Structure formats: structure tokens, C-alpha cells
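Just below is one structure, and these are the notes that go with it.
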Amino acid sequence: MSEAVSLTFPDGSVRSFPAGATGKDVAESISKSLAKKALAIALDGELRDLADPVTDGKIEIVTRTDPRALELIRHDTAHVMAEAVQELWPGTQVTIGPVIENGFYYDFARSEPFTPDDLPKIEKKMKEIIQRNLPFRKEVWPRNKAKDVFAAKGENYKVELVDAIPEDQDVKIYYQGDWFDLCRGPHMASTGQIGTAFKLMKVAGAYWRGDSNNPMLTRIYGTAWAEQADLDNYLRLLEEAEKRDHRKLGREMDLFHFQEEGPGVVFWHGKGWRMFQTLTAYMRRRLAGTYQEVNAPQVLDKSLWETSGHWGWYQENMFAVKSAHAFTHPDDEEADQRIFALKPMNCPGHVQIFKHGLKSYRDMPVRLAEFGLVHRYEASGALHGLMRVRGFTQDDAHVFCTEEQMAAECLRINDLILSVYEDFGFQEVVVKLSTRPEKRVGSDALWDRAESVMMEVLKTIEAQSGGRIKTGILPGEGAFYGPKFEYTLKDAIGRDWQCGTTQVDFNLPERFGAFYIDQNSEKTQPVMIHRAICGSMERFLGILIENFAGHMPLWFAPLQVVVATITSDADDYGREVAEALIDAGLHVETDFRNEKINYKIREHSVTKVPVIIVCGRKEAEERTVNIRRLGSQAQVSMTLDEAVSQLAGEATPPDVKRKQAARSSAV
């Protein structure tokens with residue numbers, strides 16, 4: 001007689017069940033209502049089908065309100081979409097259909113690609129399938145049977161997928177009625193549990209296995225949620241995000257553009273470059289007196305990247321170069337035939353600067369900062385405006401310190417990072433510690449020490465913030481050379497952006513033989529801390545544009561004021577107003593065109609100018625101005641002197657204001 005199965009429930013209670021009992025049996029033993037709500041089980045944290053036999057362990061009954069249910073809903077919706085497509089267009093091959101962030105997709109092979117016009121038809125058929133409420137049923141097939149069945153159906157991609165399954169893994173087939181697919185699972189109990197809170201979003205091309213040498217497939221993206229309200233909120237968020245798209249706003253504000261001759265690199269226009277330089281100037285002020293700003297070469301010999309480990313670990317993301325002469329005259333013995341690389345990171349160059357000249361423990365910590373232009377290869381399909389480019393500027397810094405100084409330096413960096421984010425209006429920040437990955441360099445003892453120190457720093461960060469800063473752990477997500485902190489911002493519409501990092505590195509100083517002389521006159525390897533605040537300056541600007549929807553704070557706006565006149569009689573006074581504002585340090589343009597004032601206001605509002613000053617004959621006589629703010633219909637009248645004083649104050653960067661306030665209080 002087989003032994004009973006022992007299950008531990010979330011409340012700590014332990015119960016025995018007959019061998020062979022399924023998850024559904026367990027749910028029904030608790031209550032019939034729970035069994036109806038149950039979608040799956042989690043056994044020792046692993047999601048499984050309700051129909052699977054249970055084994056000894058900790059069990060949870062997963063219902064629709066469980067966060068883990070969302071992945072099941074999306075997974076099952078993808079299967080229903082595939083069935084709907086094959087019902088509507090027999091002969092279409094289904095390939096791969098994973099769950100992704102906020103939804104799912106499925107790739108299809110069809111002679112005629114799908115178009116957006118096909119999506120409503122597919123959605124209608126999906127709702128029919130869900131209404132049938134047919135059970136999901138799992139079978140395990142012999143490998144040869146699976147290949148023969150799919151080959152007979154003309155599903156050649158599925159045959160290839162069966163071949164890719166490791167020999168020690170089962171070949172699982174999931175049915176929903178008569179339709180079936182190759183799948184690892186798990187699934188919910190039936191198609192009816194999916195609900196109707198889903199929407200197909202778009203179609204796109206995708207190469208089989210992501211390889212451009214393979215056939216092009218059609219990918220259909222969708223989103224699915226537990227409740228209709230969740231879907232509605234998500235669609236509203238997408239609509240708002242579309243309005244805030246930095247590429248659209250970049251065109252409207254005349255900030256930058258991209259073109260085919262320079263894939264993944266930014267063509268900055270005057271206003272955009274002014275914004276970039278405002279960000280750079282702000283960061284320079286924040287580093288003044290604490291960091292030495294340096295500049296390492298853009299192109300370095302391959303041997304340096306081999307020493308750093310980047311050539312081995314990161315080569316596919318690097319751009320390698322030779323001189324044109326080396327290509328045109330490969331047999332020229334005097335020509336420099338070496339391979340060079342455009343730097344993807346600043347760190348090896350900073351190690352060389354640290355090594356130049358003997359360092360004592362009295363010199364530590366040495367803090368080197370660089371606004372370094374780096375280049376990394378990104379697939380063309382991954383490029384996305386300022387958010388994902390091939391050439392970008394890092395606000396990079398490296399702190400060389402003793403092991404005893406490491407915790408204090410990490411805290412100093414943390415304070416700087418949080419202060420910068422606060423200046424740009426980001427109040428919600430999450431700091432997570434990424435620990436050792438499976439593939440890494442350095443001894444376990446070094447990793448133990450580094451992680452121990454950073455864990456204590458993480459606790460201090462949360463304690464000092466009074467709980468305002470949330471913290472967490474990302475197991476196995478550290479860099480190959482050391483653990484790191486990752487800083488994630490939440491923007492105005494609730495999206496998360498990972499920006500800043502603080503990374504501890506014992507590896508690079510060792511590889512390059514960097515050292516300082518300690519108190520005992522011994523050569524000692526420093527700890528190297530990599531840190532970035534914006535990360536990519538280009539990406540950070542993209543985030544800011546979207547966060548503010550183009551309505552930039554006055555101190556950061558590339559064009560702060562437009563002075564517009566109502567009649568030509570006021571043009572001379574308009575010039576005087578503009579000059580007074582320029583003398584006060586503001587970025588100002590004038591608009592004296594022979595156009596109606598409402599037309600001028602509309603035009604400058606589209607380009608997101610924060611302040612429009614309107615001057616007419618009356619204002620010229622009274623030496624006043626009318627101020628109109630972006631997004632407001634109201635106009636405020638004040639004297640010219642009052643306007644200059646007020647706007648100059650608003651245009652003062654927050655870090656400069658703090659220093660002015662500190663000086664005033666000291667006096």
C-alpha cells in the first residue's frame with residue numbers, strides 16, 4: 001500500500017492525503033468554493049497544474065487574486081490566441097509564445113503576414129473559445145511521437161522545438177478541447193478561467209529564433225489582466241505614455257533627431273544640446289570639491305580590453321576598429337595593424353589614471369569622474385530613441401579606496417544619488433542589492449566580504465531614510481566582478497526606471513596590478529567602486545522629458561521664455577524685456593511676427609515653452625508685462641522688475657539655491 005502525502009499549508013497546519021491526490025482534490029478538501037476559485041497550486045513555491053498529483057511539501061492554492069495568477073492568465077491567453085488563429089486561418093504554423101512584461105506574444109508562420117485589421121477578428125474568436133470553457137489537459141508523449149504528429153500537421157517549427165528539448169526532460173502536450181500545443185506548462189484548469197480582460201495590441205515582424213538568417217515570422221502581441229479594471233488602467237497608462245513619448249516631444253520641442261546614416265547615435269539640435277549641457281553643468285557642480293574630473297581615451301588597444309576582461313566577457317557588444325590605412329595596405333610592415341576598440345566603459349581608463357604615480361594610503365580615497373562618451377553595439381531592433389542607443393555619455397565615476405573606507409564611500413555615493421534624484425522631483429526610489437551571479441571572477445571570500453559590507457550599507461540606507469526609500473535583494477544579478485546597488489525611480493505615471501548603480505569591484509584592480517602603499521609600507525590592492533547616477537545621460541534626459549511630459553522645470557528648460565508682442569508698437573519694449581531677462585541669465589527668444597497673439601501663444605505652447613511674456617502698447621507705456629504659464633489659460637500682470645526677479649529666482653538650479661540659502665543663513 002502506497003504511503004500518504006504530507007502537506008504543509010500557509011497557516012502552518014499539516015495534513016495527510018492519499019498518494020495520487022491532485023491539487024484539485026486538496027482544494028476540494030478545504031472547501032467547494034475554494035476549489036471553484038482555484039487556478040493552480042504552488043508546491044514548495046513551484047507553480048503546478050491543479051490536475052497534478054501532489055507530493056510532500058509546502059502547498060498553496062493559487063486563486064485569481066494571487067499575483068502569480070497573472071502569469072497563468074497571460075500564458076493561457078497566448079494558447080487561446082494561437083488556437084483562434086489556426087481556426088481562422090488553417091495551415092498557419094504556431095511557433096513560440098511566451099509571457100512577457102505586461103502581456104504575451106506568439107510568433108506565427110504564414111505566407112501572408114497578419115495586419116492590425118486582423119486583430120479584432122482574432123479577439124472575437126478568442127472570446128468564443130473562452131466561452132466554451134474547455135479544460136486544459138496535459139499529456140506526456142514520447143519524443144518520436146511528438147515529432148511525427150507535428151510533422152504530419154505541417155508544424156515544422158514544433159518539430160525543431162521538440163529536438164531542442166533536453167533528453168532528460170518530458171515532452172509535454174497541452175490540450176484545450178481538440179486543439180493542442182507543445183508546452184512546459186503549467187496551465188489553469190480551463191479556458192473559461194482566463195476571463196475577458198485581454199486585448200491584442202499590435203503585430204510585428206520577428207525572425208525565427210531571433211536570427212536574421214532565419215525566416216521572418218509574424219508576431220502578435222497582447223496583454224491580459226485578472227480584472228477589466230486592471231486592463232482599463234493599463235490601456236490608460238499606455239495612452240498617457242504615448243502622449244509623453246520623448247521621441248514625439250523631441251520633435252515638437254526641436255531637441256534632437258536620428259537618421260539611418262548614424263544608427264543609434266543622437267543628432268542634438270541647439271535646444272536639446274543646451275538641455276544636455278545644463279544637465280552636465282548641474283552634475284559638475286554636484287561633484288565639485290569631491291571628485292577629480294578626468295578624461296580617458298576614446299580608442300584603446302585590444303590588449304587593454306583583454307586585460308580588463310571585457311574582450312572575453314563583452315566582445316560582442318564592442319566596436320573594433322583599425323586605421324583605414326591598415327585595411328587598404330594590409331602588407332605595409334610600417335603600418336599600425338593592431339586592433340583597437342571604442343570604449344564601451346570608462347573603468348579601464350580610470351585604472352590607468354589611478355596607476356600613474358605612486359599612491360599612499362594618505363591619498364585614499366581617490367575619486368575620478370568622467371562624462372565619458374562610450375559605444376556599445378545594440379541590435380537595430382532594440383534601438384529606442386534616447387532610451388537605447390549605441391553611443392551615449394556616462395556620468396561615470398570610480399572611487400579607489402581602502403577596504404575599511406568602502407562602507408562610508410557607498411553611503412556617500414548613496415546620499416549624492418538620492419539628492420540628485422530629489423532635485424529632479426523623483427521622490428519614490430527603490431534601492432536593491434544584486435548579489436553574486438553564477439558566472440563570476442574572484443574568490444568566494446572576497447564576495448563574502450563585499451556582500452557583507454553592502455548588506456549593512458543597505459540596512460543603513462533604509463534606516464536613514466525613515467522607510468521612505470524601499471530596499472530589496474536581487475539574488476544572482478550582480479556584475480561578474482562584484483555586487484552592486486541598483487537605483488530605480490518611479491516617474492509621474494508610475495513607471496519604473498533603473499538608473500543609478502554602485503558596484504564594488506575587487507577584480508579590475510587585481511587584473512591591472514593597481515596598488516597603493518599602506519601604513520606598513522606594503523603594496524595593497526585598492527577596492528574599486530564604480531558609480532553612475534544618471535547612468536546614460538541621454539537616457540536620463542529621455543526619462544525626464546517623459547516624466548515632465550515636456551513641461552520642464554524652468555531651471556532645466558532649454559528655452560525658458562518667449563517674449564511676444566501684440567502690435568509692432570511694442571517691439572522696442574519687447575526687446576528691452578528680452579534683454580533684461582537675458583542679463584538675468586535666462587534663455588530667451590522673441591516673437592515679433594505680424595501674427596495674432598493667440599496664434600503665437602498656441603505655437604509656443606506646442607513647443608513646450610514654460611513662460612510666454614505678452615507685451616502690447618499698454619504694457620510698454622506702463623512698463624509692465626503679462627506672464628502666461630505653459631498649461632494655464634490665466635495671465636498675470638506685474639512690473640518688468642518684478643517679472644525679472646521672479647523668473648530669475650525660478651530659473652536658479654536647486655543646488656545653487658541651497659548654497660545661496662546656506663550662505664544667507666551663515667551671515
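Ligands are numbered from 1 in the order shown, chains are lettered A, B, ... in the order of the C-alpha cells, and residues start at 1 in each chain.
Residues surrounding Ile582 (chain A) within 10 Å are Val561, Glu576, Val588, Glu589, Val644 and Ala648 of chain A [only C-alpha atoms; sequence separation below 6 positions excluded].
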Spatial neighbours of Lys248 (chain A), max dist 10 Å, only C-alpha atoms, sep filter under 4 positions, as a PyMOL selection string: chain A and resi 242-244+252-254+385+546+550
Prev. selection, C-alpha atoms, output as a compact mmCIF listing (two decimals), in the first residue's frame:
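The file below, part.txt, is the result:
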# COMPACT_ATOMS: atom_id res chain seq x y z
CA GLU A 242 2.20 57.70 -25.84
CA LYS A 243 1.47 61.38 -25.20
CA ARG A 244 4.70 61.61 -23.23
CA GLU A 252 7.82 69.10 -31.12
CA MET A 253 10.43 70.81 -28.94
CA ASP A 254 13.12 70.62 -31.67
CA GLY A 385 15.16 56.91 -29.18
CA GLU A 546 8.62 61.80 -20.42
CA GLY A 550 7.88 68.17 -21.89
In region 254-441 of chain A, DSSP strand (DSSP E or B) residues written as JSON, numbers by chain: {"A": [256, 257, 267, 268, 292, 293, 299, 300, 301, 319, 320, 321, 340, 341, 342, 360, 366, 367, 368, 369, 370, 371, 372, 373, 374, 375, 384, 388, 391, 392, 393, 394, 395, 396, 397, 398, 399, 400, 401, 429, 430, 431, 432, 433, 434]}
Residues from the last selection, N, CA and C atoms, saved as a compact mmCIF listing (two decimals), in the first residue's frame:
# COMPACT_ATOMS: atom_id res chain seq x y z
N PHE A 256 16.23 66.99 -30.87
CA PHE A 256 17.19 66.03 -31.44
C PHE A 256 16.51 65.26 -32.57
N HIS A 257 17.31 64.50 -33.31
CA HIS A 257 16.72 63.55 -34.25
C HIS A 257 17.70 62.40 -34.47
N PHE A 267 21.60 63.02 -33.05
CA PHE A 267 21.89 64.32 -33.66
C PHE A 267 21.21 65.37 -32.77
N TRP A 268 22.01 66.02 -31.92
CA TRP A 268 21.45 67.00 -30.99
C TRP A 268 21.25 68.33 -31.70
N GLN A 292 37.78 64.37 -8.82
CA GLN A 292 38.61 64.92 -9.88
C GLN A 292 37.97 64.53 -11.21
N GLU A 293 37.65 65.51 -12.06
CA GLU A 293 37.12 65.15 -13.37
C GLU A 293 38.28 64.85 -14.31
N VAL A 299 39.61 55.54 -27.84
CA VAL A 299 40.03 54.33 -28.55
C VAL A 299 41.28 53.80 -27.87
N LEU A 300 41.26 52.50 -27.53
CA LEU A 300 42.39 51.88 -26.85
C LEU A 300 42.68 50.52 -27.47
N ASP A 301 43.94 50.12 -27.38
CA ASP A 301 44.37 48.85 -27.95
C ASP A 301 43.60 47.67 -27.35
N PHE A 319 32.67 47.76 -30.39
CA PHE A 319 33.04 48.14 -31.75
C PHE A 319 34.56 48.07 -31.87
N ALA A 320 35.06 47.23 -32.78
CA ALA A 320 36.50 47.11 -33.01
C ALA A 320 36.86 47.92 -34.26
N VAL A 321 38.05 48.55 -34.25
CA VAL A 321 38.44 49.42 -35.36
C VAL A 321 39.90 49.20 -35.72
N PHE A 340 42.01 47.99 -32.43
CA PHE A 340 41.63 48.88 -31.34
C PHE A 340 40.13 48.73 -31.07
N ALA A 341 39.68 49.23 -29.95
CA ALA A 341 38.25 49.16 -29.63
C ALA A 341 37.77 50.51 -29.12
N LEU A 342 36.60 50.92 -29.60
CA LEU A 342 35.93 52.07 -28.99
C LEU A 342 35.49 51.66 -27.59
N SER A 360 49.62 56.67 -1.86
CA SER A 360 49.76 56.27 -0.46
C SER A 360 48.37 56.11 0.15
N VAL A 366 40.64 57.97 -3.67
CA VAL A 366 40.83 58.74 -4.90
C VAL A 366 39.54 58.60 -5.71
N ARG A 367 38.91 59.74 -6.01
CA ARG A 367 37.62 59.72 -6.71
C ARG A 367 37.79 60.36 -8.08
N LEU A 368 37.60 59.57 -9.13
CA LEU A 368 37.77 60.03 -10.51
C LEU A 368 36.42 60.00 -11.21
N ALA A 369 36.04 61.11 -11.84
CA ALA A 369 34.75 61.20 -12.53
C ALA A 369 34.99 61.59 -13.99
N GLU A 370 34.09 61.13 -14.85
CA GLU A 370 34.21 61.45 -16.27
C GLU A 370 32.82 61.44 -16.90
N PHE A 371 32.58 62.44 -17.74
CA PHE A 371 31.40 62.41 -18.60
C PHE A 371 31.87 61.80 -19.91
N GLY A 372 31.98 60.48 -19.89
CA GLY A 372 32.68 59.76 -20.95
C GLY A 372 31.75 59.24 -22.02
N LEU A 373 32.06 59.56 -23.27
CA LEU A 373 31.30 59.03 -24.40
C LEU A 373 31.71 57.58 -24.64
N VAL A 374 30.76 56.68 -24.61
CA VAL A 374 31.05 55.26 -24.80
C VAL A 374 30.17 54.73 -25.94
N HIS A 375 30.59 53.60 -26.51
CA HIS A 375 29.85 52.99 -27.60
C HIS A 375 29.65 51.51 -27.31
N HIS A 384 15.89 52.51 -29.36
CA HIS A 384 14.63 53.17 -28.99
C HIS A 384 14.91 54.59 -28.54
N ARG A 388 17.60 53.77 -25.73
CA ARG A 388 18.52 52.68 -26.09
C ARG A 388 19.28 53.11 -27.33
N GLY A 391 25.68 55.02 -28.99
CA GLY A 391 26.68 55.95 -28.49
C GLY A 391 26.05 56.84 -27.44
N PHE A 392 26.60 56.85 -26.22
CA PHE A 392 26.00 57.65 -25.16
C PHE A 392 27.06 58.09 -24.17
N THR A 393 26.68 59.02 -23.32
CA THR A 393 27.60 59.60 -22.34
C THR A 393 27.24 59.09 -20.95
N GLN A 394 28.22 58.52 -20.27
CA GLN A 394 28.01 58.07 -18.89
C GLN A 394 28.49 59.13 -17.92
N ASP A 395 27.70 59.41 -16.89
CA ASP A 395 28.19 60.26 -15.80
C ASP A 395 28.89 59.31 -14.83
N ASP A 396 30.02 58.86 -15.27
CA ASP A 396 30.70 57.73 -14.64
C ASP A 396 31.72 58.22 -13.62
N ALA A 397 31.91 57.44 -12.58
CA ALA A 397 32.97 57.75 -11.61
C ALA A 397 33.47 56.45 -11.01
N HIS A 398 34.72 56.50 -10.57
CA HIS A 398 35.32 55.35 -9.91
C HIS A 398 36.07 55.83 -8.67
N VAL A 399 35.73 55.20 -7.57
CA VAL A 399 36.35 55.55 -6.29
C VAL A 399 37.32 54.44 -5.92
N PHE A 400 38.58 54.79 -5.76
CA PHE A 400 39.59 53.84 -5.30
C PHE A 400 39.80 54.08 -3.81
N CYS A 401 39.52 53.07 -3.00
CA CYS A 401 39.58 53.27 -1.56
C CYS A 401 40.12 52.02 -0.86
N VAL A 429 12.01 56.06 -4.68
CA VAL A 429 13.22 55.39 -5.15
C VAL A 429 13.34 54.05 -4.45
N VAL A 430 13.71 53.03 -5.21
CA VAL A 430 13.96 51.71 -4.64
C VAL A 430 15.44 51.37 -4.85
N VAL A 431 16.09 50.92 -3.79
CA VAL A 431 17.50 50.53 -3.86
C VAL A 431 17.57 49.03 -3.61
N LYS A 432 18.15 48.30 -4.58
CA LYS A 432 18.26 46.84 -4.43
C LYS A 432 19.71 46.41 -4.54
N LEU A 433 20.07 45.42 -3.74
CA LEU A 433 21.42 44.85 -3.76
C LEU A 433 21.42 43.61 -4.64
N SER A 434 22.23 43.64 -5.69
CA SER A 434 22.38 42.49 -6.59
C SER A 434 23.59 41.68 -6.13
Atomic separation - CA of Asp49 (chain A) relative to CA of Ala78 (chain A), Å: 16.9 Å
Using only C-alpha atoms: which of A:Ile543, A:Val294, A:Ala204, A:Leu39 has the shortest distance to Lys490 (chain A): A:Ile543
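We find CA of Pro10 (chain A) and CA of Ile41 (chain A) to be spaced 12.2 Å apart.
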Lys459 (chain A) environment, 12 Å, only C-alpha atoms, sequence neighbours closer than 3 positions dropped, as a PyMOL selection string: chain A and resi 407+411+431-433+452-456+462-467+469-473
Hey, which bits of region 419-535 of chain A sit within 10 Å of region 215-239 of chain A, and for each residue what's the closest pair of atoms and how far apart in Å (one decimal), counting only C-alpha atoms, rows by chain and increasing number, as CSV?
residue,atom,partner,partner_atom,distance
A:Ile493,CA,A:Leu237,CA,7.2
A:Gly494,CA,A:Leu237,CA,8.6
A:Arg495,CA,A:Leu237,CA,9.1
Selection near Pro654 (chain A), 9 Å with only C-alpha atoms, sequence-local residues under 3 positions removed, as a PyMOL selection string: chain A and resi 423-424+555+651+657-659
Straight-line distance linking CA of Asn626 (chain A) with CA of Ile597 (chain A), stated in Å to one decimal: 12.2 Å
Residue contacts of Glu316 (chain A) (12 Å, only C-alpha atoms) excluding same-chain residues fewer than 4 positions away, as an MDAnalysis selection string: chainID A and resid 310:312 320 341 344 376:379
Once you have the residues from the selection above, write them out as a PDB file, in the first residue's frame, restricted to C-alpha atoms.
ATOM      1  CA  HIS A 310      35.854  42.994 -21.455  1.00  0.00           C
ATOM      2  CA  TRP A 311      37.195  41.391 -24.641  1.00  0.00           C
ATOM      3  CA  GLY A 312      36.284  37.981 -23.259  1.00  0.00           C
ATOM      4  CA  ALA A 320      36.505  47.115 -33.012  1.00  0.00           C
ATOM      5  CA  ALA A 341      38.251  49.163 -29.632  1.00  0.00           C
ATOM      6  CA  PRO A 344      32.185  50.603 -24.037  1.00  0.00           C
ATOM      7  CA  ARG A 376      28.075  49.661 -27.278  1.00  0.00           C
ATOM      8  CA  TYR A 377      26.564  47.562 -30.022  1.00  0.00           C
ATOM      9  CA  GLU A 378      22.805  47.196 -29.681  1.00  0.00           C
ATOM     10  CA  ALA A 379      20.745  45.225 -32.169  1.00  0.00           C
TER      11      ALA A 379
END
Leu489 (chain A) environment, 8 Å, only C-alpha atoms, sequence neighbours closer than 4 positions dropped, as an MDAnalysis selection string: chainID A and resid 426 428:430 496:499
Surrounding residues of Glu522 (chain A) excluding itself and chain neighbours under 3 positions, 12 Å, only C-alpha atoms, as a PyMOL selection string: chain A and resi 359-361+515-519+525
DSSP helix (DSSP H, G or I) selection over region 337-497 of chain A, as a ChimeraX atom specification: /A:347-355,361-363,380-382,403-423,444-464
Closest of A:Met364, A:Val606, A:Ala620, A:Leu416 to Pro526 (chain A) - atom-to-atom distances counting only C-alpha atoms: A:Met364
